[in-house]
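Enquirer: What follows is a structure written as structure tokens; I'll ask about it next.
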Amino acid sequence: MKELLLTILISYHFAQCFSSPLQKCNDWGFNPSTLSCETCQLLPSTPSTLITECQTCCQKFILNNPKETIYKSAILVATSNRGDGDLNDFLEKDWDALVDRKGDNLLRTPPYVYSPPVVYFFNEWVDGEKVVKSYQDFERVVNMADEEVGIGGWKRDDIRELLEAYIMDE
């Protein structure tokens with residue numbers, strides 16, 4: 001009986017260690033795609049794990065006052081054909097129309113940059129000519145980003161809505 005209990009306990013601990021962050025957030029009752037970090041500050045201070053869990057799951061770019069979230073430009077880091085069907089659909093079907101609307105405010109990274117899908121938002125305009133010259137220039141520019149949002153695993157519509165809502169039109 002002790003062996004069975006120990007096996008169950010070890011299995012549970014192993015599953016907890018390797019479950020995805022999204023799954024953990026869902027288990028805790030938080031939805032990371034809509035949870036603002038400002039909301040975590042409104043939670044009661046006890047139990048203390050509640051605030052820690054909330055801060056683990058929240059998105060800094062989601063503000064309770066959306067007027068503050070309009071950025072002048074953004075850089076999308078996304079390499080096609082990385083097995084993310086929704087991201088590939090977005091790049092194939094929505095990207096060009098979005099760039100037509102946003103103009104030089106929306107940039108896509110050059111092909112030599114490989115990283116998980118992410119959007120870097122800037123309160124100032126980013127010069128695309130400087131970003132594409134070299135990887136060092138790219139690194140320097142993204143280190144100046146005002147906000148960074150990982151979009152790996154996001155649905156096509158959510159990616160489009162994020163970029164439409166948070167980047168000013170040309």
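Scheme for the structure tokens: letters A, B, ... for chains in order shown; per-chain residue numbers from 1; ligand numbers from 1 in order shown.
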Tell me, as JSON, numbers by chain, which residues lie within 9 Å of Gly150 (chain A), counting only C-alpha atoms; anything in the same chain fewer than 2 positions away does not count.
Expert: {"A": [116, 117, 118, 119, 120, 148, 152, 153, 154]}
Enquirer: Restricting the output to N, CA and C atoms, write the selected residues as a tab-separated table (two decimals), in the first residue's frame.
Expert:
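The result, stored in again.tsv:
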chain	number	residue	atom	x	y	z
A	116	PRO	N	11.39	32.05	-30.43
A	116	PRO	CA	9.95	31.76	-30.30
A	116	PRO	C	9.16	32.98	-30.77
A	117	PRO	N	7.92	32.80	-31.23
A	117	PRO	CA	7.13	33.92	-31.72
A	117	PRO	C	6.87	34.95	-30.62
A	118	VAL	N	7.17	36.20	-30.92
A	118	VAL	CA	7.01	37.27	-29.95
A	118	VAL	C	6.76	38.58	-30.68
A	119	VAL	N	6.05	39.49	-30.02
A	119	VAL	CA	5.85	40.84	-30.55
A	119	VAL	C	6.50	41.81	-29.58
A	120	TYR	N	7.33	42.70	-30.11
A	120	TYR	CA	7.94	43.76	-29.31
A	120	TYR	C	7.21	45.06	-29.66
A	148	GLU	N	6.87	43.33	-24.35
A	148	GLU	CA	7.16	42.09	-25.09
A	148	GLU	C	6.05	41.11	-24.79
A	152	GLY	N	3.40	32.49	-28.98
A	152	GLY	CA	3.45	31.07	-29.32
A	152	GLY	C	2.18	30.36	-28.87
A	153	GLY	N	1.56	29.63	-29.76
A	153	GLY	CA	0.34	28.91	-29.44
A	153	GLY	C	-0.93	29.73	-29.52
A	154	TRP	N	-0.82	31.01	-29.85
A	154	TRP	CA	-2.00	31.87	-29.96
A	154	TRP	C	-2.79	31.51	-31.21
Enquirer: Could you check the closest approach to Leu106 (chain A) for each of A:Ser73, A:Thr49, A:Thr56, A:Thr39 and tell me which residue wins, using only C-alpha atoms?
Expert: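 Smallest separation from Leu106 (chain A) among the options: A:Ser73.
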